[in-house]
2 protein chains.
Amino acid sequence: MLADEIRGCKAKDAERYAQELRDRLLETVREHGGHLSSNLGTVELTLALYAVFDFPKDKLIFDVGHQSYAHKLLTGRDLSDLRQRGGTSGFPDPEESEYDAFAAGHSGTSVAAGLGMCAARDLRGEQYKVVSFIGDASLGNGTALEAVFSSEKKPEDFVVVLNDNGMSIDKNHSALYRSISKMTAKRRYRTFNSFLSRTFKETGAFGRKLRRIKYTLKGWFNKNDFFERCGFKYIGPVNGHDLHELIEVLTDIRKLHEPVILHAVTIKGRGYEAAEAEPARFHGVRRNFADGENSFSVALGRLMCERAASDPALVAVTAAMTDGVGLAEFAEKFPQRLFDAGICEESAVTMAAGMAKGGLVPVVCIYSTFLQRAYDQIVHDVCLQNLPVIFCIDRAGFVGADGKTHQGLLELSALRAVPNLSLFAPKDCAELADVFDYARSKGTPCAIRYPNGYAPNLGSRQKIGDYYLWETLSDGDGVVVLASGARAVSRALEAKKKSGVDCKVINCRTVKPLDERVLREIAGKKILTFEEGYLCGGFGAAVAEYYASCAQPVRLKIMGAENKFVPHATAEEQARDCRLTAEDLARKIQAFAAQE
Amino acid sequence: MLADEIRGCKAKDAERYAQELRDRLLETVREHGGHLSSNLGTVELTLALYAVFDFPKDKLIFDVGHQSYAHKLLTGRDLSDLRQRGGTSGFPDPEESEYDAFAAGHSGTSVAAGLGMCAARDLRGEQYKVVSFIGDASLGNGTALEAVFSSEKKPEDFVVVLNDNGMSIDKNHSALYRSISKMTAKRRYRTFNSFLSRTFKETGAFGRKLRRIKYTLKGWFNKNDFFERCGFKYIGPVNGHDLHELIEVLTDIRKLHEPVILHAVTIKGRGYEAAEAEPARFHGVRRNFADGENSFSVALGRLMCERAASDPALVAVTAAMTDGVGLAEFAEKFPQRLFDAGICEESAVTMAAGMAKGGLVPVVCIYSTFLQRAYDQIVHDVCLQNLPVIFCIDRAGFVGADGKTHQGLLELSALRAVPNLSLFAPKDCAELADVFDYARSKGTPCAIRYPNGYAPNLGSRQKIGDYYLWETLSDGDGVVVLASGARAVSRALEAKKKSGVDCKVINCRTVKPLDERVLREIAGKKILTFEEGYLCGGFGAAVAEYYASCAQPVRLKIMGAENKFVPHATAEEQARDCRLTAEDLARKIQAFAAQE
């Protein structure tokens with residue numbers, strides 16, 4: 001394994017590997033898609049950590065984990081099957097390798113996880129180093145800040161590597177960033193740094209002493225007491241692409257036994273010009289670096305631009321995902337009305353509640369998986385006050401290559417029980433507009449969920465309204481299929497054809513409230529619910545609940561995802577693995593129709 | 001209204017009100033219970049704010065809101081019915097008064113809400129001041145930190161009043177606290193402060209100039225650049241009990257139009273000796289200042305002490321609630337094995353995940369309502385990695401006087417869909433121990449929910465185990481009552497007697513997994529589920545889901561709380577209002593039994 005070769009190696013040797021790793025990263029991401037800029041930016045940091053530390057005995061905890069590809073390459077994963085079904089995950093996963101000390105995918109967890117691991121180590125009397133590897137944007141997340149500020153005494157043998165590339169997924173303009181790195185981006189720092197490097201270039205014991213002086217000087221010069229107050233010895237900033245410097249300083253840190261924060265300045269996309277120039281564009285890319293395209297996100301972006309033009313109360317709130325949720329054009333047209341909170345889902349939602357109290361109608365655009373972070377804020381700040389906030393939940397359902405940590409299977413179950421919140425799942429982009437307008441007209445908290453990828457336009461029979469919450473898309477006498485969500489409805493129509501059963505297909509575009517009028521009408525029929533989400537607590541459960549709460553015995557069958565984490569694959573493969581394809585539904589329809 | 005009298009009044013006049021307010025606070029809390037220390041500590045700050053600002057045109061946003069009693073007294077609420085059914089809420093509630101600008105109950109929301117309100121005001125071209133009132137402990141919460149660091153430019157006419165009483169609910173030992181107030185607790189500060197006050201005691205324009213010099217000097221002396229970096233003009237520290245000083249400085253701040261943070265030092269429990277001496281004990285108290293007693297919390301505390309003695313892997317994690325969850329004795333006996341994260345539920349849970357990865361078995365003791373804050377961490381850090389973390393969820397079900405913001409009605413629905421997580425609801429304290437041991441033996445994520453207050457011991461027929469997930473407590477031939485949770489089971493036994501129906505009562509102490517063996521056995525009977533939680537997505541929904549997922553038509557009726565926020569009252573009254581008493585159940589049993 002490469003990791004073994006690199007342990008204890010000199011910077012000169014490590015440099016050979018750096019180029020090799022970069023080439024393989026570029027090749028891999030070109031072939032499979034994935035995170036590019038962040039991985040190119042952390043090649044040297046990863047190599048230096050492996051040169052100095054003794055992983056997996058020492059523990060390396062990635063924050064988010066989208067920058068772990070070099071680490072994966074060094075630890076025996078060849079990435080030829082990256083993000084593919086049965087292949088290597090795009091995020092750290094302890095089930096995949098003992099070198100992946102802690103799973104990740106969401107932002108801000110590495111410092112708290114590292115503190116926990118140190119506590120376990122110290123209580124059990126074990127000896128190893130814990131290294132948390134976090135980017136500057138993730139550090140602004142509430143979970144990370146809580147951990148950084150948790151105590152003025154931090155555990156020994158705990159190293160936080162701050163990978164400071166001066167940007168979030170979009171540009172980082174936070175006050176935190178200003179606090180930690182007002183110096184680093186400046187030319188003055190670079191000049192000073194190269195002066196120090198030239199002046200104190202020595203090896204051996206004398207070199208170590210000189211280096212200590214150098215970092216003390218750096219510390220003074222940068223007056224960075226932010227981390228010192230939090231119980232860390234602050235070291236840096238260092239050039240995150242200079243393997244000589246990195247290996248030197250990490251070797252010293254390894255001997256220190258103190259809690260240390262190493263502040264490394266890196267360039268996102270380093271080594272690939274196009275990515276260096278446009279790191280955000282190359283943050284997460286598709287095969288051959290094609291731009292991602294999602295019809296619902298695009299539709300939402302257009303809709304927001306249109307509606308905002310005539311509706312001055314509408315504003316958009318995102319959490320470092322302006323492009324991802326389709327708001328790039330809105331950001332250009334209405335810069336004063338777009339609020340990007342950074343990777344801070346919690347404060348984003350509470351801020352939206354404040355805006356709503358102040359007379360605006362905030363549209364919070366966020367991925368299903370990240371919305372989990374703001375669960376209490378949705379309950380306690382938005383819904384408790386019954387405020388007109390519209391949540392546009394993107395990437396609901398199977399998300400494909402991002403896998404387990406990013407699935408949008410949970411939000412229906414979690415949100416369904418929140419009082420005052422209405423839940424919608426439009427069948428296509430045209431209906432997204434109808435549902436949006438309906439939600440806007442309600443003046444109460446509403447959430448609209450839709451998947452990524454393309455969605456065919458299915459035509460409309462009946463616009464959503466108070467009376468027509470649901471829509472019968474296809475008439476029939478046999479089984480009644482209640483399908484909720486774009487993918488489910490489109491598969492239900494397909495399944496009707498495949499099954500040969502004359503079933504009725506209903507587009508259940510509201511999950512809460514249910515269309516009780518329809519439920520009463522069909523109570524005597526065989527009813528089959530179908531959705532892309534966990535069966536546990538989801539739309540089908542709501543239907544079962546409805547009949548059980550009025551003690552009405554019905555012939556009801558519900559279909560949804562089994563309650564387990566679903567790993568990376570394409571969204572279609574995930575649907576197949578969870579037996580939620582049109583074919584699976586067609587078989588269920590046939591079997592149900594055949595029952596006495 | 002007092003608020004009108006106080007607006008524009010002089011410090012000397014305000015001082016008269018201060019004593020009056022204190023007397024009424026003491027009297028009120030003695031009579032009704034509630035938060036004492038925090039309210040006594042903020043009398044002068046509240047008065048000074050009302051003397052200077054023009055509420056409700058200006059907006060006053062309380063963080064947590066447990067310190068809002070003086071504000072309530074000033075704005076026409078007499079508190080004679082505090083925390084009683086139909087009476088005044090113990091927390092700010094816009095439905096109660098237009099002076100309550102934003103609802104609260106949980107920690108850390110006021111800064112983000114304030115930022116949102118300022119954004120709305122500025123976009124709409126309105127003119128008012130927004131004042132966020134936050135304690136030092138709440139400031140360490142992730143939502144608050146995200147908002148404080150959100151941008152280096154903060155809105156104008158935004159005032160954050162930092163009520164620094166140097167302690168959380170328990171003692172605050174966070175690094176944040178060190179960052180913001182290393183000076184204030186020291187005698188040196190007091191001396192310096194009184195010197196400044198004496199030296200610069202002048203009024204009029206000259207006085208204002210002098211005061212500005214004074215605060216500049218204070219700023220230098222305290223070198224507090226923490227908030228300046230975050231875009232606030234930092235003013236302070238000031239004596240939060242000196243009405244002269246407070247009114248002076250707030251008058252200046254009001255004219256400034258800048259984003260300002262006013263750092264006020266207060267003494268928790270001020271003016272009531274017993275509370276000053278033991279502020280934590282008088283944080284939240286019952287009538288006549290009796291200590292709170294909760295049999296499950298007490299039982300958990302004892303159990304933890306017992307088990308920890310023989311099980312070195314067990315550690316406890318809390319979020320500023322060591323006493324509340326019953327761990328005071330554990331904290332004394334095993335100080336190295338208790339981790340209090342402060343009001344930081346998110347990092348507490350992620351830290352627990354790190355501990356579990358490191359070989360410990362963390363028991364995270366937290367109230368149901370606050371666990372909502374850590375929803376994503378439960379999913380993404382604990383359950384995704386299938387780690388042996390045990391969540392002890394206290395205050396599940398109706399919580400009584402704390403009301404809407406603190407109800408424990410949601411966690412079953414939210415947690416039930418999280419893969420790998422088992423959910424338990426023991427019927428009494430004896431069973432808590434069995435369930436705990438069973439959870440410990442599983443080595444996977446487990447959550448155990450139990451209510452506050454007393455729970456009668458119901459006796460045991462069958463200890464929990466893999467085969468006996470549920471327990472038949474009372475045999476019978478008629479309706480089968482599936483009751484889950486301590487209150488529900490005890491009411492079900494009572495309802496059986498009251499109803500006169502020979503029903504079978506089953507103690508459903510696992511909500512996930514369900515006891516499918518039992519469900520298959522009883523499928524032909526009339527089945528009635530009963531629980532204290534939202535019907536939407538809860539235990540009964542799980543049973544409905546089970547039968548619907550295997551398309552088994554059953555005669556099933558589910559009972560649970562209607563999906564709305566339940567205001568303050570006693571827990572018994574709340575059960576009555578939601579029609580979940582033993583009588584309600586008995587009637588349902590009778591009606592169900594009578595059905596064909």
# chains A, B, ... in the order shown; residues from 1 in each chain; ligands from 1

call {"tool": "residues_around", "arguments": {"residues": "B:Ala48", "least_positions_apart": "5", "cutoff": "9 Å", "atoms": "only C-alpha atoms", "output": "list in words"}}
result
Ile6, Arg7, Ala11, Ala14, Val43, Phe53, Leu243, His244, Leu246, Ile247, Glu248 and Leu250 of chain B

call {"tool": "write_last_selection", "arguments": {"atoms": "N, CA and C atoms", "output": "PDB file, in the first residue's frame"}}
result
ATOM      1  N   ILE B   6     -42.721  53.985  31.729  1.00  0.00           N
ATOM      2  CA  ILE B   6     -41.271  53.876  31.858  1.00  0.00           C
ATOM      3  C   ILE B   6     -40.523  54.490  30.685  1.00  0.00           C
ATOM      4  N   ARG B   7     -41.155  54.498  29.517  1.00  0.00           N
ATOM      5  CA  ARG B   7     -40.466  55.026  28.350  1.00  0.00           C
ATOM      6  C   ARG B   7     -40.023  56.463  28.620  1.00  0.00           C
ATOM      7  N   ALA B  11     -33.322  57.377  35.470  1.00  0.00           N
ATOM      8  CA  ALA B  11     -32.835  56.216  36.210  1.00  0.00           C
ATOM      9  C   ALA B  11     -33.422  56.160  37.611  1.00  0.00           C
ATOM     10  N   ALA B  14     -36.762  54.800  37.479  1.00  0.00           N
ATOM     11  CA  ALA B  14     -36.706  53.382  37.099  1.00  0.00           C
ATOM     12  C   ALA B  14     -36.341  52.517  38.296  1.00  0.00           C
ATOM     13  N   VAL B  43     -33.709  42.314  35.689  1.00  0.00           N
ATOM     14  CA  VAL B  43     -34.712  43.356  35.957  1.00  0.00           C
ATOM     15  C   VAL B  43     -34.239  44.724  35.447  1.00  0.00           C
ATOM     16  N   PHE B  53     -35.940  52.361  24.539  1.00  0.00           N
ATOM     17  CA  PHE B  53     -36.464  51.960  23.224  1.00  0.00           C
ATOM     18  C   PHE B  53     -37.976  52.098  23.162  1.00  0.00           C
ATOM     19  N   LEU B 243     -28.823  51.143  36.869  1.00  0.00           N
ATOM     20  CA  LEU B 243     -29.767  51.738  35.931  1.00  0.00           C
ATOM     21  C   LEU B 243     -29.267  53.043  35.332  1.00  0.00           C
ATOM     22  N   HIS B 244     -28.497  53.820  36.128  1.00  0.00           N
ATOM     23  CA  HIS B 244     -27.919  55.055  35.585  1.00  0.00           C
ATOM     24  C   HIS B 244     -27.050  54.736  34.382  1.00  0.00           C
ATOM     25  N   LEU B 246     -26.852  51.987  32.617  1.00  0.00           N
ATOM     26  CA  LEU B 246     -27.540  51.296  31.529  1.00  0.00           C
ATOM     27  C   LEU B 246     -28.337  52.264  30.669  1.00  0.00           C
ATOM     28  N   ILE B 247     -29.072  53.148  31.319  1.00  0.00           N
ATOM     29  CA  ILE B 247     -29.902  54.082  30.540  1.00  0.00           C
ATOM     30  C   ILE B 247     -29.016  55.030  29.735  1.00  0.00           C
ATOM     31  N   GLU B 248     -27.944  55.489  30.351  1.00  0.00           N
ATOM     32  CA  GLU B 248     -26.977  56.342  29.640  1.00  0.00           C
ATOM     33  C   GLU B 248     -26.469  55.666  28.373  1.00  0.00           C
ATOM     34  N   LEU B 250     -27.451  52.956  26.798  1.00  0.00           N
ATOM     35  CA  LEU B 250     -28.459  52.564  25.802  1.00  0.00           C
ATOM     36  C   LEU B 250     -28.975  53.772  25.029  1.00  0.00           C
TER      37      LEU B 250
END

call {"tool": "residues_around", "arguments": {"residues": "A:Arg373", "least_positions_apart": "5", "cutoff": "7 Å", "atoms": "only C-alpha atoms", "output": "JSON, numbers by chain"}}
result
{"A": [345, 346], "B": [375, 376]}

call {"tool": "write_last_selection", "arguments": {"atoms": "C-alpha atoms", "output": "PDB file, in the first residue's frame"}}
result
ATOM      1  CA  GLU A 345     -28.454  25.532   7.854  1.00  0.00           C
ATOM      2  CA  GLU A 346     -29.579  26.287  11.392  1.00  0.00           C
TER       3      GLU A 346
ATOM      4  CA  TYR B 375     -31.422  15.384  14.613  1.00  0.00           C
ATOM      5  CA  ASP B 376     -28.857  15.347  11.844  1.00  0.00           C
TER       6      ASP B 376
END

call {"tool": "residues_around", "arguments": {"residues": "B:Lys526", "least_positions_apart": "5", "cutoff": "9 Å", "atoms": "only C-alpha atoms", "output": "PyMOL selection string"}}
result
chain B and resi 478-481+554-557+592-593

call {"tool": "write_last_selection", "arguments": {"atoms": "C-alpha atoms", "output": "short mmCIF file (atom, residue, chain, number, x, y, z; two decimals), in the first residue's frame"}}
result
data_model
loop_
_atom_site.label_atom_id
_atom_site.label_comp_id
_atom_site.auth_asym_id
_atom_site.auth_seq_id
_atom_site.Cartn_x
_atom_site.Cartn_y
_atom_site.Cartn_z
CA GLY B 478 -62.11 -8.30 23.73
CA VAL B 479 -60.26 -5.36 22.25
CA VAL B 480 -56.43 -5.54 22.30
CA VAL B 481 -54.94 -2.33 23.64
CA VAL B 554 -57.15 -5.31 10.21
CA ARG B 555 -59.62 -3.64 12.50
CA LEU B 556 -57.23 -1.07 13.81
CA LYS B 557 -57.88 2.18 15.64
CA PHE B 592 -64.77 -0.19 19.69
CA ALA B 593 -65.98 -3.25 21.61
#

call {"tool": "residues_around", "arguments": {"residues": "A:Pro312", "least_positions_apart": "6", "cutoff": "12 Å", "atoms": "only C-alpha atoms", "output": "PyMOL selection string"}}
result
(chain A and resi 304-306+334+336-337+359-362) or (chain B and resi 120+123-125)

call {"tool": "residues_around", "arguments": {"residues": "stretch 96-101 of chain A", "least_positions_apart": "3", "cutoff": "10 Å", "atoms": "only C-alpha atoms", "output": "MDAnalysis selection string"}}
result
(chainID A and resid 3 55:62 65 68 71:72 74:77 87:89 91:93 104 113:114 117 130:131) or (chainID B and resid 354 357:358)

call {"tool": "write_last_selection", "arguments": {"atoms": "C-alpha atoms", "output": "CSV table (one decimal), in the first residue's frame"}}
result
chain,number,residue,atom,x,y,z
A,3,ALA,CA,0.5,4.7,2.7
A,55,PHE,CA,-2.5,5.8,10.4
A,56,PRO,CA,-4.7,3.9,11.0
A,57,LYS,CA,-3.3,3.6,14.6
A,58,ASP,CA,-3.5,7.4,14.6
A,59,LYS,CA,-7.0,8.5,13.5
A,60,LEU,CA,-7.6,10.8,10.6
A,61,ILE,CA,-11.1,12.4,10.7
A,62,PHE,CA,-12.2,14.3,7.6
A,65,GLY,CA,-15.0,14.1,3.4
A,68,SER,CA,-10.6,12.4,0.9
A,71,HIS,CA,-6.3,9.6,1.2
A,72,LYS,CA,-8.3,6.9,-0.5
A,74,LEU,CA,-3.0,6.1,-0.6
A,75,THR,CA,-4.9,3.5,1.4
A,76,GLY,CA,-5.5,0.9,-1.3
A,77,ARG,CA,-8.6,2.1,-3.0
A,87,GLY,CA,-17.4,0.7,-5.7
A,88,THR,CA,-15.5,3.2,-3.6
A,89,SER,CA,-17.6,5.8,-1.8
A,91,PHE,CA,-16.8,10.1,1.2
A,92,PRO,CA,-15.0,8.4,4.2
A,93,ASP,CA,-16.7,5.3,5.3
A,104,ALA,CA,-18.7,12.0,7.0
A,113,ALA,CA,-15.9,13.7,16.7
A,114,GLY,CA,-12.2,14.3,17.3
A,117,MET,CA,-12.3,10.1,20.2
A,130,VAL,CA,-6.3,12.2,16.6
A,131,VAL,CA,-6.2,14.5,13.5
B,354,GLY,CA,-16.6,10.0,18.4
B,357,LYS,CA,-15.9,5.0,17.7
B,358,GLY,CA,-13.2,5.2,20.3

call {"tool": "select_by_dssp", "arguments": {"residues": "stretch 349-431 of chain A", "states": "helix (DSSP H, G or I)", "output": "number ranges by chain"}}
result
A: 349-357, 368-383, 404-406, 411-416, 429-431

call {"tool": "select_by_dssp", "arguments": {"residues": "stretch 390-496 of chain B", "states": "strand (DSSP E)", "output": "list in words"}}
result
Ile390, Phe391, Cys392, Ile393, Asp394, Ser422, Leu423, Phe424, Cys446, Ala447, Ile448, Arg449, Glu471, Thr472, Leu473, Ser474, Val480, Val481, Leu482, Ala483 and Ser484 of chain B

call {"tool": "write_last_selection", "arguments": {"atoms": "C-alpha atoms", "output": "PDB file, in the first residue's frame"}}
result
ATOM      1  CA  ILE B 390     -27.728   5.182  24.102  1.00  0.00           C
ATOM      2  CA  PHE B 391     -30.024   8.222  24.072  1.00  0.00           C
ATOM      3  CA  CYS B 392     -31.965   8.687  27.273  1.00  0.00           C
ATOM      4  CA  ILE B 393     -34.786  10.975  26.249  1.00  0.00           C
ATOM      5  CA  ASP B 394     -36.239  12.692  29.284  1.00  0.00           C
ATOM      6  CA  SER B 422     -33.977   1.175  18.132  1.00  0.00           C
ATOM      7  CA  LEU B 423     -36.645   2.980  20.140  1.00  0.00           C
ATOM      8  CA  PHE B 424     -37.797   2.025  23.608  1.00  0.00           C
ATOM      9  CA  CYS B 446     -30.782   2.970  20.981  1.00  0.00           C
ATOM     10  CA  ALA B 447     -33.114   5.642  22.290  1.00  0.00           C
ATOM     11  CA  ILE B 448     -35.166   5.302  25.463  1.00  0.00           C
ATOM     12  CA  ARG B 449     -38.006   7.745  26.037  1.00  0.00           C
ATOM     13  CA  GLU B 471     -45.276  -7.803  27.339  1.00  0.00           C
ATOM     14  CA  THR B 472     -48.898  -8.743  27.902  1.00  0.00           C
ATOM     15  CA  LEU B 473     -49.769  -7.005  31.144  1.00  0.00           C
ATOM     16  CA  SER B 474     -53.396  -7.982  31.368  1.00  0.00           C
ATOM     17  CA  VAL B 480     -56.431  -5.544  22.296  1.00  0.00           C
ATOM     18  CA  VAL B 481     -54.943  -2.333  23.636  1.00  0.00           C
ATOM     19  CA  LEU B 482     -51.387  -1.707  22.474  1.00  0.00           C
ATOM     20  CA  ALA B 483     -50.054   0.945  24.843  1.00  0.00           C
ATOM     21  CA  SER B 484     -46.599   2.462  24.492  1.00  0.00           C
TER      22      SER B 484
END

call {"tool": "residues_around", "arguments": {"residues": "A:Ile589", "least_positions_apart": "5", "cutoff": "10 Å", "atoms": "only C-alpha atoms", "output": "number ranges by chain"}}
result
A: 478-481, 492, 495-496, 498-503, 526-528, 557, 583-584, 594

call {"tool": "residues_around", "arguments": {"residues": "stretch 252-260 of chain B", "least_positions_apart": "6", "cutoff": "8 Å", "atoms": "only C-alpha atoms", "output": "list of chain:residue names"}}
result
B:Val52, B:Phe53, B:Lys154, B:Pro155, B:Glu156, B:Asp157, B:Phe158, B:Val159, B:Val160, B:Arg208, B:Gly231, B:Phe232, B:Lys233, B:Tyr234, B:Ile235

call {"tool": "closest_residue", "arguments": {"among": "B:Pro426, B:Gly453, B:Gly140, B:Gly86", "to": "chain A", "atoms": "only C-alpha atoms"}}
result
B:Gly140

call {"tool": "closest_residue", "arguments": {"among": "A:Arg576, A:Cys550, A:Lys463, A:Val265", "to": "B:Lys588", "atoms": "only C-alpha atoms"}}
result
A:Cys550

call {"tool": "atom_distance", "arguments": {"atom1": "atom CA of A:Met351", "atom2": "atom CA of A:Asp434"}}
result
26.2 Å

call {"tool": "closest_residue", "arguments": {"among": "A:Ile267, A:Ala374, A:Val325, A:Leu580", "to": "chain B", "atoms": "only C-alpha atoms"}}
result
A:Ala374

call {"tool": "closest_residue", "arguments": {"among": "A:Asp136, A:Glu411, A:Asp402, A:Asp437", "to": "A:Val566", "atoms": "only C-alpha atoms"}}
result
A:Asp402

call {"tool": "closest_residue", "arguments": {"among": "A:Leu26, A:Leu327, A:Leu47, A:Ala274", "to": "A:Cys9", "atoms": "only C-alpha atoms"}}
result
A:Leu47
